[in-house]
file query_22.cif (mmCIF, C-alpha atoms and all ligand atoms)
data_coords
loop_
_atom_site.label_atom_id
_atom_site.label_comp_id
_atom_site.auth_asym_id
_atom_site.auth_seq_id
_atom_site.Cartn_x
_atom_site.Cartn_y
_atom_site.Cartn_z
CA MET A 1 -43.19 -10.30 77.38
CA GLU A 2 -42.63 -6.69 76.34
CA LEU A 3 -39.67 -5.90 74.13
CA ILE A 4 -38.79 -2.73 76.06
CA TYR A 5 -35.45 -2.63 77.88
CA THR A 6 -35.27 -1.46 81.47
CA PRO A 7 -32.75 1.26 82.48
CA LYS A 8 -30.65 -1.49 84.15
CA GLN A 9 -30.59 -3.51 80.93
CA GLN A 10 -29.71 -0.43 78.89
CA ALA A 11 -26.90 0.43 81.30
CA PHE A 12 -25.56 -3.11 80.95
CA ARG A 13 -25.64 -2.78 77.15
CA THR A 14 -23.68 0.48 77.35
CA GLU A 15 -21.12 -1.03 79.69
CA VAL A 16 -20.55 -4.06 77.45
CA ARG A 17 -20.33 -1.89 74.33
CA GLN A 18 -17.81 0.45 75.93
CA TRP A 19 -15.69 -2.33 77.38
CA LEU A 20 -15.53 -4.09 74.01
CA ALA A 21 -14.65 -0.84 72.22
CA GLN A 22 -11.73 -0.35 74.62
CA HIS A 23 -10.46 -3.92 74.79
CA LEU A 24 -11.01 -5.62 71.43
CA PRO A 25 -7.70 -6.95 70.08
CA ALA A 26 -6.21 -4.53 67.55
CA GLU A 27 -5.57 -7.39 65.12
CA PRO A 28 -7.94 -10.33 64.64
CA LEU A 29 -6.79 -13.36 66.64
CA GLN A 30 -5.45 -16.33 64.71
CA SER A 31 -7.77 -19.31 64.21
CA TYR A 32 -8.38 -21.17 67.47
CA ASP A 33 -7.89 -24.35 65.47
CA THR A 34 -4.13 -23.69 65.62
CA ARG A 35 -2.00 -23.97 68.78
CA GLU A 36 -0.99 -20.31 68.72
CA GLY A 37 -4.50 -19.08 67.97
CA PHE A 38 -5.90 -21.32 70.70
CA GLU A 39 -3.61 -19.71 73.29
CA GLN A 40 -4.47 -16.22 72.00
CA HIS A 41 -8.15 -17.05 72.50
CA ARG A 42 -7.43 -18.38 75.98
CA ALA A 43 -5.78 -15.06 76.87
CA TRP A 44 -8.80 -13.18 75.49
CA GLU A 45 -11.12 -15.36 77.60
CA ARG A 46 -9.06 -14.41 80.66
CA GLN A 47 -9.60 -10.71 79.86
CA LEU A 48 -13.34 -11.27 79.59
CA PHE A 49 -13.28 -13.13 82.89
CA ASP A 50 -11.38 -10.36 84.66
CA ALA A 51 -14.07 -7.91 83.49
CA ARG A 52 -16.75 -10.35 84.73
CA LEU A 53 -17.97 -10.71 81.14
CA SER A 54 -16.99 -14.30 80.52
CA MET A 55 -20.05 -16.17 81.79
CA VAL A 56 -22.50 -13.38 82.43
CA MET A 57 -25.33 -15.67 83.57
CA TRP A 58 -23.31 -17.67 86.10
CA PRO A 59 -23.50 -16.80 89.80
CA THR A 60 -20.82 -14.35 90.93
CA GLU A 61 -19.25 -16.84 93.35
CA LEU A 62 -18.59 -19.18 90.41
CA GLY A 63 -16.96 -16.55 88.22
CA GLY A 64 -20.08 -15.08 86.63
CA ARG A 65 -22.13 -11.96 87.00
CA GLY A 66 -25.61 -13.19 87.91
CA CYS A 67 -27.32 -11.79 84.79
CA ASP A 68 -30.72 -12.99 83.56
CA LEU A 69 -31.49 -14.37 80.10
CA ILE A 70 -32.41 -10.99 78.62
CA GLU A 71 -29.10 -9.53 79.79
CA TRP A 72 -27.37 -12.53 78.27
CA LEU A 73 -29.06 -11.80 74.91
CA ILE A 74 -27.94 -8.17 75.23
CA PHE A 75 -24.37 -9.29 75.93
CA GLU A 76 -24.43 -11.57 72.90
CA GLU A 77 -25.84 -8.82 70.65
CA GLU A 78 -23.07 -6.43 71.66
CA TYR A 79 -20.39 -9.11 71.53
CA TYR A 80 -21.11 -10.18 67.96
CA ALA A 81 -21.94 -6.67 66.71
CA ALA A 82 -18.46 -5.59 67.86
CA GLY A 83 -16.88 -8.44 65.87
CA ALA A 84 -15.28 -9.86 69.04
CA PRO A 85 -13.34 -13.16 68.86
CA MET A 86 -15.19 -16.48 68.71
CA ARG A 87 -15.49 -18.16 72.11
CA VAL A 88 -13.01 -20.99 72.37
CA ASN A 89 -14.17 -22.85 75.49
CA GLN A 90 -17.76 -23.49 74.42
CA ASN A 91 -17.69 -27.20 75.20
CA GLY A 92 -16.87 -26.37 78.79
CA GLN A 93 -18.68 -23.10 79.33
CA LEU A 94 -21.86 -23.79 77.39
CA LEU A 95 -22.29 -27.57 77.61
CA LEU A 96 -20.55 -28.96 80.67
CA GLY A 97 -20.98 -25.78 82.74
CA PRO A 98 -24.80 -25.78 82.78
CA THR A 99 -24.73 -29.57 83.27
CA LEU A 100 -22.60 -29.20 86.39
CA MET A 101 -24.89 -26.44 87.67
CA GLU A 102 -27.81 -28.87 87.41
CA PHE A 103 -26.26 -32.23 88.33
CA GLY A 104 -22.85 -31.53 89.91
CA THR A 105 -22.05 -31.71 93.61
CA GLU A 106 -21.05 -28.50 95.38
CA ALA A 107 -17.46 -29.75 95.42
CA GLN A 108 -17.53 -30.33 91.64
CA LYS A 109 -19.05 -26.92 90.95
CA ASN A 110 -16.44 -25.13 93.07
CA ARG A 111 -13.62 -27.16 91.61
CA PHE A 112 -14.45 -26.83 87.93
CA LEU A 113 -16.73 -23.88 87.17
CA PRO A 114 -14.48 -20.90 88.07
CA ALA A 115 -11.56 -22.47 86.16
CA MET A 116 -13.91 -22.99 83.22
CA ALA A 117 -15.19 -19.41 83.34
CA SER A 118 -11.61 -18.09 83.21
CA SER A 119 -10.60 -20.72 80.60
CA GLU A 120 -7.70 -21.80 82.77
CA GLN A 121 -9.22 -25.21 81.99
CA MET A 122 -10.29 -25.87 78.41
CA TRP A 123 -12.72 -28.69 77.74
CA ALA A 124 -13.43 -31.14 74.95
CA GLN A 125 -16.58 -33.20 74.46
CA ALA A 126 -15.88 -36.94 74.21
CA TRP A 127 -19.17 -38.55 73.27
CA SER A 128 -18.91 -39.81 69.70
CA GLU A 129 -17.31 -43.18 69.05
CA PRO A 130 -16.59 -44.93 65.74
CA ASN A 131 -19.90 -46.84 66.08
CA ALA A 132 -21.83 -44.40 68.24
CA GLY A 133 -22.55 -41.04 66.61
CA SER A 134 -26.24 -40.51 65.96
CA ASP A 135 -26.85 -43.74 67.84
CA MET A 136 -25.16 -42.55 71.01
CA ALA A 137 -26.68 -45.32 73.11
CA ALA A 138 -24.32 -47.72 71.29
CA ILE A 139 -21.36 -46.37 73.32
CA SER A 140 -18.88 -49.13 74.13
CA SER A 141 -15.96 -47.34 75.88
CA LYS A 142 -15.79 -48.81 79.36
CA ALA A 143 -15.24 -47.44 82.85
CA VAL A 144 -14.74 -50.30 85.33
CA ARG A 145 -14.79 -49.57 89.07
CA ASP A 146 -11.58 -50.46 90.92
CA GLY A 147 -11.77 -49.26 94.53
CA ASP A 148 -12.38 -45.50 94.47
CA ASP A 149 -11.29 -45.20 90.83
CA TYR A 150 -12.72 -45.93 87.39
CA VAL A 151 -10.40 -47.61 84.89
CA ILE A 152 -11.27 -46.40 81.40
CA ASN A 153 -10.62 -48.19 78.10
CA GLY A 154 -11.92 -47.37 74.64
CA GLN A 155 -11.95 -44.82 71.85
CA LYS A 156 -13.75 -41.55 71.19
CA THR A 157 -13.76 -39.64 67.91
CA TRP A 158 -14.62 -36.24 66.35
CA SER A 159 -13.65 -34.43 69.52
CA THR A 160 -13.40 -30.72 68.72
CA ARG A 161 -10.09 -29.14 69.81
CA ALA A 162 -9.29 -32.09 72.07
CA ILE A 163 -5.80 -31.76 70.66
CA PHE A 164 -5.34 -28.54 72.67
CA ALA A 165 -7.82 -29.01 75.53
CA ASP A 166 -6.97 -29.83 79.16
CA TRP A 167 -9.95 -32.02 80.07
CA CYS A 168 -12.74 -33.94 78.40
CA PHE A 169 -16.18 -35.07 79.53
CA GLY A 170 -17.82 -38.16 78.12
CA LEU A 171 -20.08 -41.15 78.58
CA PHE A 172 -18.59 -44.54 79.47
CA ARG A 173 -20.18 -47.93 80.05
CA SER A 174 -19.72 -48.56 83.76
CA ASP A 175 -21.96 -51.62 83.95
CA PRO A 176 -20.43 -54.28 81.66
CA GLN A 177 -23.75 -56.19 81.53
CA SER A 178 -25.72 -53.14 80.38
CA SER A 179 -26.86 -52.13 76.93
CA ARG A 180 -28.19 -49.05 75.17
CA HIS A 181 -28.78 -46.08 77.47
CA HIS A 182 -28.58 -48.04 80.72
CA GLY A 183 -25.38 -48.49 82.73
CA LEU A 184 -23.55 -45.43 81.34
CA SER A 185 -21.64 -42.99 83.56
CA TYR A 186 -20.79 -39.37 82.82
CA LEU A 187 -17.11 -38.80 83.64
CA MET A 188 -14.63 -35.94 83.54
CA VAL A 189 -11.13 -36.99 82.46
CA PRO A 190 -7.89 -34.95 82.45
CA LEU A 191 -6.34 -35.27 79.00
CA ASP A 192 -2.82 -35.43 80.43
CA ALA A 193 -3.64 -38.58 82.48
CA PRO A 194 -1.36 -41.59 81.83
CA GLY A 195 -2.90 -43.82 79.15
CA VAL A 196 -4.61 -41.03 77.16
CA THR A 197 -3.51 -40.70 73.52
CA ILE A 198 -4.87 -37.95 71.30
CA ARG A 199 -4.53 -38.23 67.54
CA PRO A 200 -5.41 -35.24 65.33
CA ILE A 201 -7.91 -35.47 62.46
CA LYS A 202 -7.57 -32.98 59.62
CA ALA A 203 -10.72 -30.92 58.95
CA LEU A 204 -11.94 -29.51 55.61
CA ASN A 205 -9.95 -26.32 56.21
CA GLY A 206 -6.75 -28.37 56.57
CA LYS A 207 -6.33 -27.62 60.29
CA GLU A 208 -5.78 -30.42 62.78
CA ALA A 209 -7.63 -29.39 65.91
CA PHE A 210 -10.22 -32.16 65.69
CA ALA A 211 -9.14 -35.42 67.30
CA GLU A 212 -9.76 -38.99 68.27
CA ILE A 213 -8.99 -39.91 71.87
CA PHE A 214 -7.77 -43.34 72.99
CA PHE A 215 -8.06 -44.47 76.61
CA ASP A 216 -5.75 -47.27 77.71
CA ASN A 217 -6.28 -48.17 81.40
CA VAL A 218 -6.80 -44.53 82.33
CA ARG A 219 -7.62 -44.07 86.03
CA VAL A 220 -9.95 -41.34 87.23
CA PRO A 221 -11.35 -41.01 90.76
CA GLN A 222 -15.00 -41.71 91.42
CA GLU A 223 -15.48 -38.04 92.37
CA ASN A 224 -15.13 -37.19 88.65
CA CYS A 225 -18.51 -38.80 87.96
CA ILE A 226 -21.38 -36.34 87.41
CA GLY A 227 -24.70 -37.62 88.73
CA GLU A 228 -25.09 -41.18 89.87
CA GLU A 229 -23.04 -44.04 88.48
CA GLY A 230 -24.99 -45.70 85.66
CA GLN A 231 -27.30 -42.68 85.25
CA GLY A 232 -25.13 -40.86 82.72
CA TRP A 233 -27.71 -40.96 79.94
CA LYS A 234 -30.09 -38.68 81.83
CA VAL A 235 -27.28 -36.18 82.50
CA ALA A 236 -26.10 -36.39 78.86
CA MET A 237 -29.59 -35.62 77.57
CA ALA A 238 -29.52 -32.40 79.59
CA THR A 239 -26.15 -31.49 78.01
CA ALA A 240 -27.56 -32.25 74.54
CA GLY A 241 -30.46 -29.90 75.26
CA PHE A 242 -28.02 -27.10 76.12
CA GLU A 243 -26.09 -27.83 72.91
CA ARG A 244 -29.15 -27.62 70.68
CA GLY A 245 -30.90 -24.86 72.57
CA LEU A 246 -30.20 -21.17 72.66
CA LEU A 247 -26.91 -20.97 74.52
CA LEU A 248 -24.50 -22.48 71.99
CA ARG A 249 -25.70 -20.47 69.01
CA SER A 250 -27.26 -17.20 70.06
CA PRO A 251 -29.17 -15.34 67.31
CA ALA A 252 -26.78 -12.38 67.54
CA ARG A 253 -24.12 -14.41 65.75
CA PHE A 254 -26.39 -14.97 62.74
CA GLN A 255 -27.74 -11.41 62.74
CA LYS A 256 -24.14 -10.19 62.46
CA THR A 257 -23.45 -12.60 59.57
CA ALA A 258 -26.68 -11.45 57.88
CA ARG A 259 -25.64 -7.79 58.18
CA ASP A 260 -22.21 -8.61 56.79
CA LEU A 261 -23.84 -10.51 53.94
CA VAL A 262 -25.93 -7.46 53.01
CA GLN A 263 -22.70 -5.40 52.92
CA LEU A 264 -21.01 -8.05 50.80
CA TYR A 265 -23.94 -7.99 48.38
CA LEU A 266 -23.89 -4.17 48.16
CA ALA A 267 -20.14 -4.16 47.54
CA ASN A 268 -20.54 -6.70 44.74
CA GLN A 269 -23.98 -5.74 43.48
CA ALA A 270 -23.02 -5.30 39.83
CA SER A 271 -21.85 -8.88 39.45
CA ALA A 272 -24.28 -10.39 41.98
CA ASP A 273 -27.32 -8.98 40.15
CA ARG A 274 -26.47 -11.04 37.09
CA ASP A 275 -28.50 -13.65 38.94
CA PRO A 276 -31.74 -11.79 39.79
CA ALA A 277 -32.55 -14.32 42.52
CA ILE A 278 -29.54 -13.28 44.64
CA ALA A 279 -31.07 -10.03 45.93
CA SER A 280 -34.24 -11.74 47.14
CA ARG A 281 -32.24 -14.57 48.72
CA VAL A 282 -30.14 -12.02 50.63
CA ALA A 283 -33.35 -10.37 51.84
CA LYS A 284 -34.75 -13.77 52.86
CA VAL A 285 -31.77 -14.89 54.95
CA TRP A 286 -31.60 -11.45 56.58
CA SER A 287 -35.30 -11.79 57.51
CA ASP A 288 -34.72 -15.36 58.71
CA ALA A 289 -31.95 -14.13 61.03
CA GLN A 290 -34.36 -11.53 62.49
CA ALA A 291 -37.04 -14.20 62.84
CA TYR A 292 -34.59 -16.43 64.72
CA ALA A 293 -33.82 -13.52 67.06
CA LEU A 294 -37.53 -12.91 67.71
CA SER A 295 -38.13 -16.60 68.35
CA ALA A 296 -35.20 -16.52 70.81
CA TYR A 297 -36.81 -13.62 72.68
CA TYR A 298 -40.07 -15.59 72.75
CA THR A 299 -38.25 -18.63 74.15
CA VAL A 300 -36.46 -16.48 76.72
CA GLY A 301 -39.84 -15.09 77.77
CA ARG A 302 -41.12 -18.62 78.30
CA LEU A 303 -38.02 -19.76 80.18
CA SER A 304 -38.20 -16.64 82.38
CA ARG A 305 -41.73 -17.67 83.38
CA GLY A 306 -40.33 -21.03 84.48
CA GLU A 307 -41.44 -23.03 81.44
CA LYS A 308 -39.21 -25.72 79.92
CA ILE A 309 -38.53 -25.99 76.20
CA GLY A 310 -37.54 -29.68 75.95
CA ALA A 311 -37.72 -31.23 72.48
CA GLU A 312 -38.25 -27.79 70.93
CA SER A 313 -34.51 -27.22 71.19
CA SER A 314 -34.32 -29.52 68.14
CA ILE A 315 -36.19 -26.89 66.09
CA ASN A 316 -33.66 -24.33 67.22
CA LYS A 317 -30.77 -26.51 66.11
CA ILE A 318 -32.23 -27.03 62.64
CA ILE A 319 -32.91 -23.30 62.21
CA TRP A 320 -29.41 -22.06 63.12
CA SER A 321 -27.54 -24.75 61.23
CA GLU A 322 -29.55 -24.34 58.01
CA LEU A 323 -29.47 -20.55 58.25
CA ASP A 324 -25.70 -20.58 58.62
CA LEU A 325 -25.37 -22.83 55.61
CA ALA A 326 -27.72 -20.69 53.48
CA MET A 327 -25.87 -17.46 54.34
CA HIS A 328 -22.42 -18.83 53.58
CA GLN A 329 -23.59 -20.54 50.39
CA LEU A 330 -24.95 -17.18 49.23
CA ALA A 331 -21.71 -15.39 50.12
CA MET A 332 -19.81 -17.88 47.97
CA GLU A 333 -22.19 -17.23 45.06
CA ILE A 334 -21.85 -13.45 45.43
CA LEU A 335 -18.05 -13.69 45.49
CA GLY A 336 -17.93 -16.12 42.57
CA PRO A 337 -14.47 -17.58 41.85
CA GLN A 338 -12.82 -15.00 44.18
CA GLY A 339 -14.56 -16.75 47.06
CA GLU A 340 -12.15 -19.63 46.77
CA LEU A 341 -9.10 -17.46 47.47
CA THR A 342 -7.54 -17.77 50.89
CA GLN A 343 -5.82 -14.90 52.72
CA THR A 344 -7.95 -12.12 51.22
CA GLN A 345 -10.19 -9.73 53.13
CA ASN A 346 -13.10 -12.00 52.18
CA SER A 347 -11.53 -15.35 53.03
CA HIS A 348 -13.46 -15.56 56.33
CA TRP A 349 -16.49 -16.32 54.14
CA LEU A 350 -14.72 -19.39 52.78
CA GLU A 351 -13.74 -20.51 56.31
CA GLY A 352 -17.33 -19.96 57.42
CA PHE A 353 -18.66 -21.80 54.38
CA LEU A 354 -16.50 -24.84 55.13
CA PHE A 355 -17.49 -24.85 58.80
CA ALA A 356 -21.18 -24.36 57.98
CA GLN A 357 -21.16 -27.75 56.22
CA ALA A 358 -20.76 -29.33 59.65
CA GLY A 359 -23.68 -27.48 61.30
CA PRO A 360 -26.32 -30.01 60.22
CA ILE A 361 -24.10 -32.81 61.59
CA TYR A 362 -22.64 -31.78 64.95
CA ALA A 363 -24.80 -31.31 68.05
CA GLY A 364 -26.87 -34.24 66.73
CA ALA A 365 -27.51 -34.61 62.98
CA ASN A 366 -30.53 -32.71 61.63
CA GLU A 367 -32.17 -35.93 60.46
CA ILE A 368 -32.18 -37.04 64.10
CA GLN A 369 -33.59 -33.66 65.19
CA ARG A 370 -36.40 -34.09 62.64
CA ASN A 371 -37.11 -37.55 64.08
CA ILE A 372 -37.30 -36.02 67.57
CA ILE A 373 -39.72 -33.31 66.41
CA ALA A 374 -41.85 -35.85 64.55
CA GLU A 375 -42.07 -38.30 67.44
CA ARG A 376 -42.01 -36.16 70.57
CA MET A 377 -43.69 -32.96 69.43
CA LEU A 378 -46.01 -34.08 66.63
CA GLY A 379 -46.74 -37.52 68.08
CA LEU A 380 -46.04 -39.30 64.78
CA PRO A 381 -45.23 -43.02 64.92
CA LYS A 382 -41.57 -44.04 65.45
CA SER A 383 -39.69 -44.73 62.20
C1 LIG B 401 -17.50 -30.15 63.12
C2 LIG B 401 -17.90 -31.29 64.03
C3 LIG B 401 -17.60 -31.21 65.37
C4 LIG B 401 -17.91 -32.27 66.22
N1 LIG B 401 -17.50 -32.18 67.52
C5 LIG B 401 -17.72 -33.23 68.34
C6 LIG B 401 -17.22 -33.19 69.67
O1 LIG B 401 -16.59 -32.21 70.10
N2 LIG B 401 -17.42 -34.26 70.45
C7 LIG B 401 -18.11 -35.35 70.03
O2 LIG B 401 -18.29 -36.27 70.82
N3 LIG B 401 -18.59 -35.44 68.76
C8 LIG B 401 -18.40 -34.40 67.91
N4 LIG B 401 -18.84 -34.46 66.60
C9 LIG B 401 -19.48 -35.68 66.13
C10 LIG B 401 -20.97 -35.54 65.85
O3 LIG B 401 -21.70 -35.42 67.05
C11 LIG B 401 -21.39 -36.78 65.04
O4 LIG B 401 -20.72 -36.67 63.78
C12 LIG B 401 -22.89 -36.85 64.83
O5 LIG B 401 -23.52 -37.16 66.03
C13 LIG B 401 -23.29 -37.85 63.74
O6 LIG B 401 -22.74 -39.12 64.04
P1 LIG B 401 -21.89 -39.95 62.94
O7 LIG B 401 -20.84 -39.02 62.39
O8 LIG B 401 -21.44 -41.21 63.60
O9 LIG B 401 -22.90 -40.25 61.76
P2 LIG B 401 -23.91 -41.46 61.66
O10 LIG B 401 -24.62 -41.67 62.95
O11 LIG B 401 -23.20 -42.61 61.06
O12 LIG B 401 -24.97 -40.88 60.63
C14 LIG B 401 -24.69 -40.79 59.23
C15 LIG B 401 -25.96 -40.23 58.56
O13 LIG B 401 -27.08 -41.09 58.78
C16 LIG B 401 -28.14 -40.37 59.36
N5 LIG B 401 -28.85 -41.19 60.34
C17 LIG B 401 -28.29 -41.98 61.29
N6 LIG B 401 -29.27 -42.56 62.02
C18 LIG B 401 -30.47 -42.11 61.54
C19 LIG B 401 -31.83 -42.31 61.90
N7 LIG B 401 -32.19 -43.11 62.92
N8 LIG B 401 -32.78 -41.67 61.17
C20 LIG B 401 -32.45 -40.86 60.14
N9 LIG B 401 -31.16 -40.62 59.76
C21 LIG B 401 -30.19 -41.24 60.45
C22 LIG B 401 -27.47 -39.19 60.07
O14 LIG B 401 -28.35 -38.14 60.28
C23 LIG B 401 -26.35 -38.86 59.12
O15 LIG B 401 -26.81 -38.04 58.08
C24 LIG B 401 -18.56 -33.42 65.73
C25 LIG B 401 -18.89 -33.50 64.37
C26 LIG B 401 -18.55 -32.46 63.52
C27 LIG B 401 -18.90 -32.60 62.06
#
call {"tool": "encode", "arguments": {"input": "query_22.cif", "output": "structure tokens", "more": "lines below"}}
Ligand SMILES: Cc1cc2nc3c(=O)[nH]c(=O)nc-3n(C[C@H](O)[C@H](O)[C@H](O)COP(=O)(O)OP(=O)(O)OC[C@H]3O[C@@H](n4cnc5c(N)ncnc54)[C@H](O)[C@@H]3O)c2cc1C
result
Amino acid sequence: MELIYTPKQQAFRTEVRQWLAQHLPAEPLQSYDTREGFEQHRAWERQLFDARLSMVMWPTELGGRGCDLIEWLIFEEEYYAAGAPMRVNQNGQLLLGPTLMEFGTEAQKNRFLPAMASSEQMWAQAWSEPNAGSDMAAISSKAVRDGDDYVINGQKTWSTRAIFADWCFGLFRSDPQSSRHHGLSYLMVPLDAPGVTIRPIKALNGKEAFAEIFFDNVRVPQENCIGEEGQGWKVAMATAGFERGLLLRSPARFQKTARDLVQLYLANQASADRDPAIASRVAKVWSDAQAYALSAYYTVGRLSRGEKIGAESSINKIIWSELDLAMHQLAMEILGPQGELTQTQNSHWLEGFLFAQAGPIYAGANEIQRNIIAERMLGLPKS
């Protein structure tokens, strides 16, 4: 692959840059982990959608723009460089969306994807349970067939922004005799259905967008099942691949943080240089962010040639989560005690630092990713 942009790609970059310059909100949006901020982000998503910049890689008939992976990288580079708002519907757009493209029926795609692209429907991921986090095959929430419906009972936990979302997707045990990864079905459930209770969980930053979801005889029609009944594990593994792979955390996000970190260091150089290691650590994380971007281009080159990346998405997940942690840790050290102040021009570093703690946990804990790399890529014996 040659890293030279075509005139069409350059024109797309210019269009995105200009649109963002004209439409970025004058004031930063409030945190999407608050009700008001969530709705502000939904309105922003609608603006992106109207400009056909919400899901640039999706087909036009499903609310996208039909771009290729390189154009997607270009979009992401411009989006983050402009300091545009964080994307609020990632569970839907980046995890369930690609899953539906691959496994959904035509009716499901037409019903859900355009509403997801416009964020008219916001989605939560309902996989984790109190005894099924890393060990997801231990899922015990049940979906029992009753005529054309499933009747769902059980509990999910750690569901990001489920407190505000409209729908959730999750795995449920549809064969009561089954165990582990057999007999699970992948269902989409409206969160306003009778029998659904959502209870907030407070996160480190004090906000209550996280939630546990309780299902008490909740009925959903059979047509809400993605893939075949009992084959949900296979579909879920595809979703997990999207979550760990490139789409959820594009390198542009980390390149922007790395650039901001360099500025933070320069603005505080006198105090930061009291620890001589800080300057070289800033240089290292900046280089790591560039390296992640180059590896993303390499991966995109391979995907464009029709290759699959499979278990390698676990490497990706470890890189972005540890890089995010290292950059925010460094920002806190540069800022010193000031870094702990909220509501200052630097307080986004504290928010980012708190959220970065979760990177090695969500999307599958990094220990599990290391197991996957050891067993499936390096062929080491199972632990
Ligand atoms: C910010 C955040 C957002 C999240 N959002 C969602 C969401 O939207 N939807 C959702 O369904 N879930 C979500 N989760 C849950 C997340 O997917 C789980 O926390 C994660 O899968 C780990 O599961 P657990 O918490 O049950 O930890 P456990 O599985 O109990 O693991 C605890 C520790 O033991 C280690 N461990 C466990 N088994 C092994 C093993 N075999 N080998 C080596 N080490 C092991 C783990 O790596 C971890 O360090 C979110 C979590 C966070 C922190």
call {"tool": "residues_near_ligand", "arguments": {"input": "query_22.cif", "ligand": "ligand LIG 401 (chain B)", "cutoff": "7 Å", "atoms": "all atoms listed in the file", "output": "ChimeraX atom specification"}}
result
/A:124-128,130-135,156-160,355,358-359,361-368,371
call {"tool": "residues_around", "arguments": {"input": "query_22.cif", "residues": "region 316-324 of chain A", "least_positions_apart": "2", "cutoff": "8 Å", "atoms": "all atoms listed in the file", "output": "count of residues only"}}
result
22
call {"tool": "residues_around", "arguments": {"input": "query_22.cif", "residues": "region 140-151 of chain A", "least_positions_apart": "5", "cutoff": "8 Å", "atoms": "only C-alpha atoms", "output": "number ranges by chain"}}
result
A: 129, 156, 171-176, 185, 217-222
call {"tool": "residues_around", "arguments": {"input": "query_22.cif", "residues": "Leu247 (chain A)", "least_positions_apart": "5", "cutoff": "10 Å", "atoms": "all atoms listed in the file", "output": "JSON, numbers by chain"}}
result
{"A": [69, 72, 73, 76, 90, 93, 94, 95, 98, 241, 242]}
call {"tool": "closest_residue", "arguments": {"input": "query_22.cif", "among": "A:Gly352, A:Glu77, A:Arg35, A:Gly230", "to": "Ala252 (chain A)", "atoms": "all atoms listed in the file"}}
result
A:Glu77
call {"tool": "atom_distance", "arguments": {"input": "query_22.cif", "atom1": "CA of Pro28 (chain A)", "atom2": "CA of Gly97 (chain A)"}}
result
27.1 Å
call {"tool": "closest_residue", "arguments": {"input": "query_22.cif", "among": "A:Ser178, A:Gln231, A:Gln155, A:Gln30", "to": "Glu212 (chain A)", "atoms": "only C-alpha atoms"}}
result
A:Gln155
call {"tool": "residues_around", "arguments": {"input": "query_22.cif", "residues": "Arg274 (chain A)", "least_positions_apart": "4", "cutoff": "12 Å", "atoms": "all atoms listed in the file", "output": "PDB file with C-alpha atoms, in the coordinates of the input"}}
result
ATOM      1  CA  TYR A 265     -23.940  -7.990  48.380  1.00  0.00           C
ATOM      2  CA  ASN A 268     -20.540  -6.700  44.740  1.00  0.00           C
ATOM      3  CA  GLN A 269     -23.980  -5.740  43.480  1.00  0.00           C
ATOM      4  CA  ALA A 270     -23.020  -5.300  39.830  1.00  0.00           C
ATOM      5  CA  ILE A 278     -29.540 -13.280  44.640  1.00  0.00           C
ATOM      6  CA  ALA A 279     -31.070 -10.030  45.930  1.00  0.00           C
ATOM      7  CA  GLU A 333     -22.190 -17.230  45.060  1.00  0.00           C
ATOM      8  CA  ILE A 334     -21.850 -13.450  45.430  1.00  0.00           C
ATOM      9  CA  GLY A 336     -17.930 -16.120  42.570  1.00  0.00           C
TER      10      GLY A 336
END
call {"tool": "decode", "arguments": {"input": "query_22.cif", "residues": "region 196-226 of chain A", "atoms": "C-alpha atoms", "output": "JSON list (two decimals), in the first residue's frame"}}
result
[["chain", "number", "residue", "atom", "x", "y", "z"],
["A", 196, "VAL", "CA", -37.19, -3.93, 32.16],
["A", 197, "THR", "CA", -35.68, -2.11, 35.16],
["A", 198, "ILE", "CA", -32.52, -0.06, 34.82],
["A", 199, "ARG", "CA", -30.55, 0.89, 37.91],
["A", 200, "PRO", "CA", -27.68, 3.40, 37.64],
["A", 201, "ILE", "CA", -24.16, 2.64, 38.86],
["A", 202, "LYS", "CA", -21.94, 5.56, 39.82],
["A", 203, "ALA", "CA", -18.62, 5.70, 37.95],
["A", 204, "LEU", "CA", -15.27, 7.06, 39.20],
["A", 205, "ASN", "CA", -16.18, 10.53, 37.91],
["A", 206, "GLY", "CA", -19.35, 10.50, 40.03],
["A", 207, "LYS", "CA", -21.71, 10.35, 37.04],
["A", 208, "GLU", "CA", -24.45, 7.75, 36.88],
["A", 209, "ALA", "CA", -24.71, 6.76, 33.23],
["A", 210, "PHE", "CA", -23.47, 3.20, 33.77],
["A", 211, "ALA", "CA", -26.19, 0.74, 34.71],
["A", 212, "GLU", "CA", -27.37, -2.71, 35.60],
["A", 213, "ILE", "CA", -30.40, -3.98, 33.71],
["A", 214, "PHE", "CA", -32.98, -6.38, 35.17],
["A", 215, "PHE", "CA", -35.31, -8.40, 32.94],
["A", 216, "ASP", "CA", -38.50, -9.69, 34.53],
["A", 217, "ASN", "CA", -40.63, -11.68, 32.03],
["A", 218, "VAL", "CA", -39.76, -9.27, 29.22],
["A", 219, "ARG", "CA", -41.28, -10.32, 25.88],
["A", 220, "VAL", "CA", -39.50, -9.70, 22.59],
["A", 221, "PRO", "CA", -40.54, -11.11, 19.21],
["A", 222, "GLN", "CA", -38.46, -13.80, 17.58],
["A", 223, "GLU", "CA", -37.62, -11.37, 14.75],
["A", 224, "ASN", "CA", -35.36, -9.51, 17.23],
["A", 225, "CYS", "CA", -32.91, -12.43, 17.18],
["A", 226, "ILE", "CA", -29.75, -11.85, 15.12]]
